[in-house]
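In what follows, a single structure is set out as structure tokens and then discussed.
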Amino acid sequence: MKEKISAIIIGVIVLAAFIIPFTLLKEVEKWYGSFLFWLILTLIVIVCNTMLIKDWSNEE
Amino acid sequence: MNVSLIWWGLGIYIAVSVFIAFLSRTGKQTNMGAYFLGDRKLGGFVSALSYSATTYSAFMLVGLAGLTYRGGVGALGFELIYLMGVSLIAFFGPRFWIAGKKYGYITPSEMIGDRYQSKAVAIAIAISNCLFLIPYSAVQLAGVGYLLQGVSNQQISFSTGVIIAVILAIVFAYIAGIRSVAWTDSLQSLFMIIGSTLIVLFLIHELGGFTGFFQQLETSHPEMLTVPGNGYFSFLTFIGLTIPWFFFSISNPQVSQRLFMPASLKSMRHMLLGFMIFGLIYTFVSIFWGYSAFLLEPGLDNPDLATPVVLSSSAIPPVLAVIVMVGIIAAAVSTIDSILLTLSSMFAKDVYGNIREDTTDRVQLKIGKFIIPVIALLAYLFAELQLDLIAVLSVASSAGLIVVVPAIFGAFFWKKGTAAAVLASTIIPGALVLILELLQAKPFGLASGLWGLILSTLLFIFVSLFTNAPTQKANEFIDYIKENLQNKKR
């Protein structure tokens, strides 16, 4: 995956992580509210990282 | 908790880690690169565990758990956004690594100084890092002091805990430099994660499994599952806490120096992904720990005491409690020893090496080794001052370090950045952060770190536009990295 695309995707996810819990999920007093939302976003970011760096070689 | 059980737990932990530290003494560490960077030959597995142990400190099971106790799920968001910020390594990691290999950099401040062609830059960054990281270490030491005092019901004094932690940190850093730090870190990271995961699973089981656990929260304390929730995590508080930590992986030299160390980019890849998985698990463990404390012992005035109170309560079998206690101490010590090593390398390389003309690598190494206990002593004195609320002070340190971020971005991505701009953008906002922290002031509701970052970005850009950039170096540095970035990928 290209650096720029990854940077944009991760940037959007981080923005969502700041905004959504304070707006859309503000009233959802359940485990599947902000709690699950932040977990899912983090998992997506880890997958993005995995794809972005999968080509890093073992050349010293 | 039984005091002799505590001493047994500590004794076993100390014996095993000191043994590991001695085992790590292979080869001769007669130069700066060997002592402080492990000859840039660290494998992926050790790098990942050591990076985790260095990053995660006593803050997690004490401060973050305390934040959860105090304000609910916002603490999870704060810590997970930090973890997302570690993605910066995917962008900056290879750049640090390639530049470090090409120019032989030992410290991040040396790299920034050389990139902007200014000794003053290296000196200023090294000194400001010391200024903020010594209090950060002190907070860790104090964490150990409070913990031992709390779990032993005042039978082990605060000072005893602090002294044990400081001596261990010096020993682990001293025996074989980064080699002993990395090995003991790896062991300590296992202490941290295994013990705490076990106990959290035990607690959740006791509180009725995951279903029962969340049902209790949803019915009795629903505000603990939303932000702003009970009001603690207002949006401004949340971003004030979170943004400085978002940049932690490049702004904190004890972790950014690690980017020079992996043997290859493949090792760095293992380091990054291994760390992210470790971090995700450890974050959830700390949050569940905070929630459990809240359900078991609600109504404490000082949330930092939640952890010691729960550990010494009857809800937890004493042996499990001792394992977690050792895990927390390991988390603190593994952070402090890395900071000691990084700061002493910065002092030797960037401060001493730039002020004294014609110093050799050997002399710098001597100075670096000499300064390790000196920095430890300073942290010890700071810890003895016993300042309040661990989370707030830790964040104050990240707030102070964040001012270097624009200069780091500029080093790799903006050829027009200048040395004068780096100096202005680190010294002035650094001083501002210090003043705001001392006055406990939050102009317009924004925390010191945000002011630091905003001012430092503006100053970096504006001063650069009116001063001369080291064009030749900037071109050579950025172009070299660009070329090699392509080659290093398969």
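Letters A, B, ... mark the chains of the structure tokens in the order given; residue numbers begin at 1 per chain; ligand numbers begin at 1, in order shown.
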Restrict the calculation to only C-alpha atoms, then for each residue of chain B with any atom at most 7 Å from an atom of chain A give the closest atom pair and their distance in Å to one decimal, rows by chain and rising residue number, as a tab-separated table.
```
residue	atom	partner	partner_atom	distance
B:Val73	CA	A:Phe35	CA	6.4
B:Gly77	CA	A:Trp38	CA	6.1
B:Leu80	CA	A:Thr42	CA	6.5
B:Ile81	CA	A:Val14	CA	6.8
B:Met84	CA	A:Thr42	CA	6.2
B:Ser87	CA	A:Asn49	CA	6.5
B:Ala90	CA	A:Ile53	CA	6.6
B:Phe214	CA	A:Trp31	CA	6.5
B:Glu218	CA	A:Lys30	CA	5.9
B:Pro222	CA	A:Glu29	CA	5.2
B:Glu223	CA	A:Glu29	CA	6.5
B:Leu225	CA	A:Glu29	CA	5.3
B:Thr226	CA	A:Lys26	CA	5.8
B:Val227	CA	A:Phe22	CA	5.9
B:Pro228	CA	A:Phe22	CA	6.9
B:Ala263	CA	A:Glu60	CA	6.0
B:Ser264	CA	A:Glu60	CA	4.8
B:Leu265	CA	A:Trp56	CA	5.3
B:Lys266	CA	A:Asn58	CA	4.7
B:Arg269	CA	A:Ile53	CA	6.6
B:Lys488	CA	A:Ser57	CA	5.9
B:Lys489	CA	A:Trp56	CA	4.8
B:Arg490	CA	A:Asp55	CA	5.4
```
What's the 10 Å shell around B:Pro317, counting only C-alpha atoms, without same-chain residues fewer than 4 positions away, as a PyMOL selection string?
chain B and resi 1+199+202+311-313+321-322
Put those residues in a file: C-alpha atoms, as a PDB file, in the first residue's frame.
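Written file, out.pdb:
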```pdb
ATOM      1  CA  MET B   1      -1.235  -7.867  51.770  1.00  0.00           C
ATOM      2  CA  ILE B 199      -5.660 -11.307  37.245  1.00  0.00           C
ATOM      3  CA  PHE B 202      -9.880 -13.748  37.248  1.00  0.00           C
ATOM      4  CA  LEU B 311      -4.520  -5.326  45.175  1.00  0.00           C
ATOM      5  CA  SER B 312      -4.703  -5.386  48.951  1.00  0.00           C
ATOM      6  CA  SER B 313      -8.435  -6.160  49.075  1.00  0.00           C
ATOM      7  CA  ALA B 321      -1.829  -9.699  43.715  1.00  0.00           C
ATOM      8  CA  VAL B 322       1.928 -10.026  44.253  1.00  0.00           C
TER       9      VAL B 322
END
```
Mind the document's chain letters and residue numbers, and return as a PyMOL selection string the residues of chain A that DSSP labels alpha helix (DSSP H).
chain A and resi 3-19+34-52
Taking 5 positions as the minimum chain separation for residues in the same chain, which residues sit within 10 Å of B:Thr471 when counting only C-alpha atoms? Answer as a list in words.
Tyr116, Gln117, Lys415, Lys416, Gly417, Thr418, Glu476 and Phe477 of chain B
Would you output that residue set with N, CA and C atoms, as a PDB file, in the first residue's frame?
```pdb
ATOM      1  N   TYR B 116      19.966  19.879  10.435  1.00  0.00           N
ATOM      2  CA  TYR B 116      19.825  21.323  10.308  1.00  0.00           C
ATOM      3  C   TYR B 116      21.181  22.029  10.417  1.00  0.00           C
ATOM      4  N   GLN B 117      22.259  21.222  10.447  1.00  0.00           N
ATOM      5  CA  GLN B 117      23.622  21.767  10.477  1.00  0.00           C
ATOM      6  C   GLN B 117      23.834  22.748  11.617  1.00  0.00           C
ATOM      7  N   LYS B 415      12.434  20.696   2.986  1.00  0.00           N
ATOM      8  CA  LYS B 415      13.824  21.109   2.787  1.00  0.00           C
ATOM      9  C   LYS B 415      14.082  22.545   3.236  1.00  0.00           C
ATOM     10  N   LYS B 416      13.018  23.309   3.446  1.00  0.00           N
ATOM     11  CA  LYS B 416      13.210  24.721   3.791  1.00  0.00           C
ATOM     12  C   LYS B 416      13.350  24.978   5.286  1.00  0.00           C
ATOM     13  N   GLY B 417      13.211  23.943   6.117  1.00  0.00           N
ATOM     14  CA  GLY B 417      13.342  24.124   7.568  1.00  0.00           C
ATOM     15  C   GLY B 417      14.747  24.587   7.934  1.00  0.00           C
ATOM     16  N   THR B 418      14.846  25.476   8.927  1.00  0.00           N
ATOM     17  CA  THR B 418      16.159  26.019   9.281  1.00  0.00           C
ATOM     18  C   THR B 418      16.478  25.779  10.755  1.00  0.00           C
ATOM     19  N   GLU B 476      20.762  16.457   0.279  1.00  0.00           N
ATOM     20  CA  GLU B 476      21.494  15.201   0.382  1.00  0.00           C
ATOM     21  C   GLU B 476      20.758  14.224   1.304  1.00  0.00           C
ATOM     22  N   PHE B 477      20.327  14.726   2.450  1.00  0.00           N
ATOM     23  CA  PHE B 477      19.683  13.909   3.481  1.00  0.00           C
ATOM     24  C   PHE B 477      18.362  13.323   2.978  1.00  0.00           C
TER      25      PHE B 477
END
```
Residue neighbourhood stretch 61-70 of chain B, 8 Å, only C-alpha atoms, exclusion window fewer than 6 positions, as a PyMOL selection string:
chain B and resi 76+143+232+286-291+293-294+303-307+328+389-391
Grab the atom CA of B:Ala165 to atom CA of B:Ala53 distance for me, in Å with one decimal place.
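Distance between the two atoms: 14.9 Å.
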Shortest interatomic distance to B:Pro135 - which of B:Leu436, B:Leu381, B:Ala169, B:Ile371, counting only C-alpha atoms:
B:Leu381
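Atom CA of B:Asn129 lies 15.3 Å from atom CA of B:Ala424.
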Coordinates-based distance that separates atom CA of B:Thr283 from atom CA of B:Val403 (Å, one decimal)
26.0 Å
Tell me, counting only C-alpha atoms, for each residue of stretch 172-196 of chain B within 6 Å of stretch 27-41 of chain B, which pair of atoms is nearest and how far apart they are in Å to one decimal, in rows ordered by chain and increasing number, as a tab-separated table.
```
residue	atom	partner	partner_atom	distance
B:Gly177	CA	B:Tyr35	CA	4.9
B:Ile178	CA	B:Phe36	CA	5.2
B:Arg179	CA	B:Gly38	CA	5.9
```
Atoms kept (C-alpha atoms) for selection, written as a CSV table (one decimal), in the first residue's frame:
```
chain,number,residue,atom,x,y,z
B,177,GLY,CA,24.0,-0.7,28.2
B,178,ILE,CA,21.2,-1.2,25.8
B,179,ARG,CA,21.9,-5.0,25.7
```
Could you list, as JSON, numbers by chain, every residue within 9 Å of B:Val3, counting only C-alpha atoms and ignoring same-chain residues fewer than 3 positions away?
{"B": [6, 7, 8, 151, 152, 153, 155, 156]}
Export of prior selection with N, CA and C atoms as a PDB file, in the first residue's frame:
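As a result, again.pdb now contains:
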```pdb
ATOM      1  N   ILE B   6       5.234 -10.006  49.859  1.00  0.00           N
ATOM      2  CA  ILE B   6       5.703  -8.927  48.969  1.00  0.00           C
ATOM      3  C   ILE B   6       7.217  -9.032  48.773  1.00  0.00           C
ATOM      4  N   TRP B   7       7.930  -9.227  49.871  1.00  0.00           N
ATOM      5  CA  TRP B   7       9.389  -9.320  49.756  1.00  0.00           C
ATOM      6  C   TRP B   7       9.807 -10.540  48.946  1.00  0.00           C
ATOM      7  N   TRP B   8       9.094 -11.659  49.108  1.00  0.00           N
ATOM      8  CA  TRP B   8       9.408 -12.839  48.297  1.00  0.00           C
ATOM      9  C   TRP B   8       9.214 -12.545  46.815  1.00  0.00           C
ATOM     10  N   VAL B 151       0.167  -1.334  48.990  1.00  0.00           N
ATOM     11  CA  VAL B 151      -0.144  -2.760  49.128  1.00  0.00           C
ATOM     12  C   VAL B 151       0.352  -3.321  50.461  1.00  0.00           C
ATOM     13  N   SER B 152       1.368  -2.702  51.052  1.00  0.00           N
ATOM     14  CA  SER B 152       1.892  -3.239  52.311  1.00  0.00           C
ATOM     15  C   SER B 152       1.203  -2.566  53.503  1.00  0.00           C
ATOM     16  N   ASN B 153       0.192  -1.753  53.224  1.00  0.00           N
ATOM     17  CA  ASN B 153      -0.486  -1.041  54.307  1.00  0.00           C
ATOM     18  C   ASN B 153       0.472  -0.182  55.118  1.00  0.00           C
ATOM     19  N   GLN B 155       3.526  -0.516  55.605  1.00  0.00           N
ATOM     20  CA  GLN B 155       4.655  -1.166  56.299  1.00  0.00           C
ATOM     21  C   GLN B 155       5.955  -1.050  55.521  1.00  0.00           C
ATOM     22  N   ILE B 156       5.845  -0.895  54.203  1.00  0.00           N
ATOM     23  CA  ILE B 156       7.042  -0.588  53.412  1.00  0.00           C
ATOM     24  C   ILE B 156       6.916   0.894  53.053  1.00  0.00           C
TER      25      ILE B 156
END
```
Write out as a count of residues only each polymer residue whose atoms come within 8 Å of stretch 481-487 of chain B, counting only C-alpha atoms; drop sequence neighbours fewer than 3 positions from it.
7
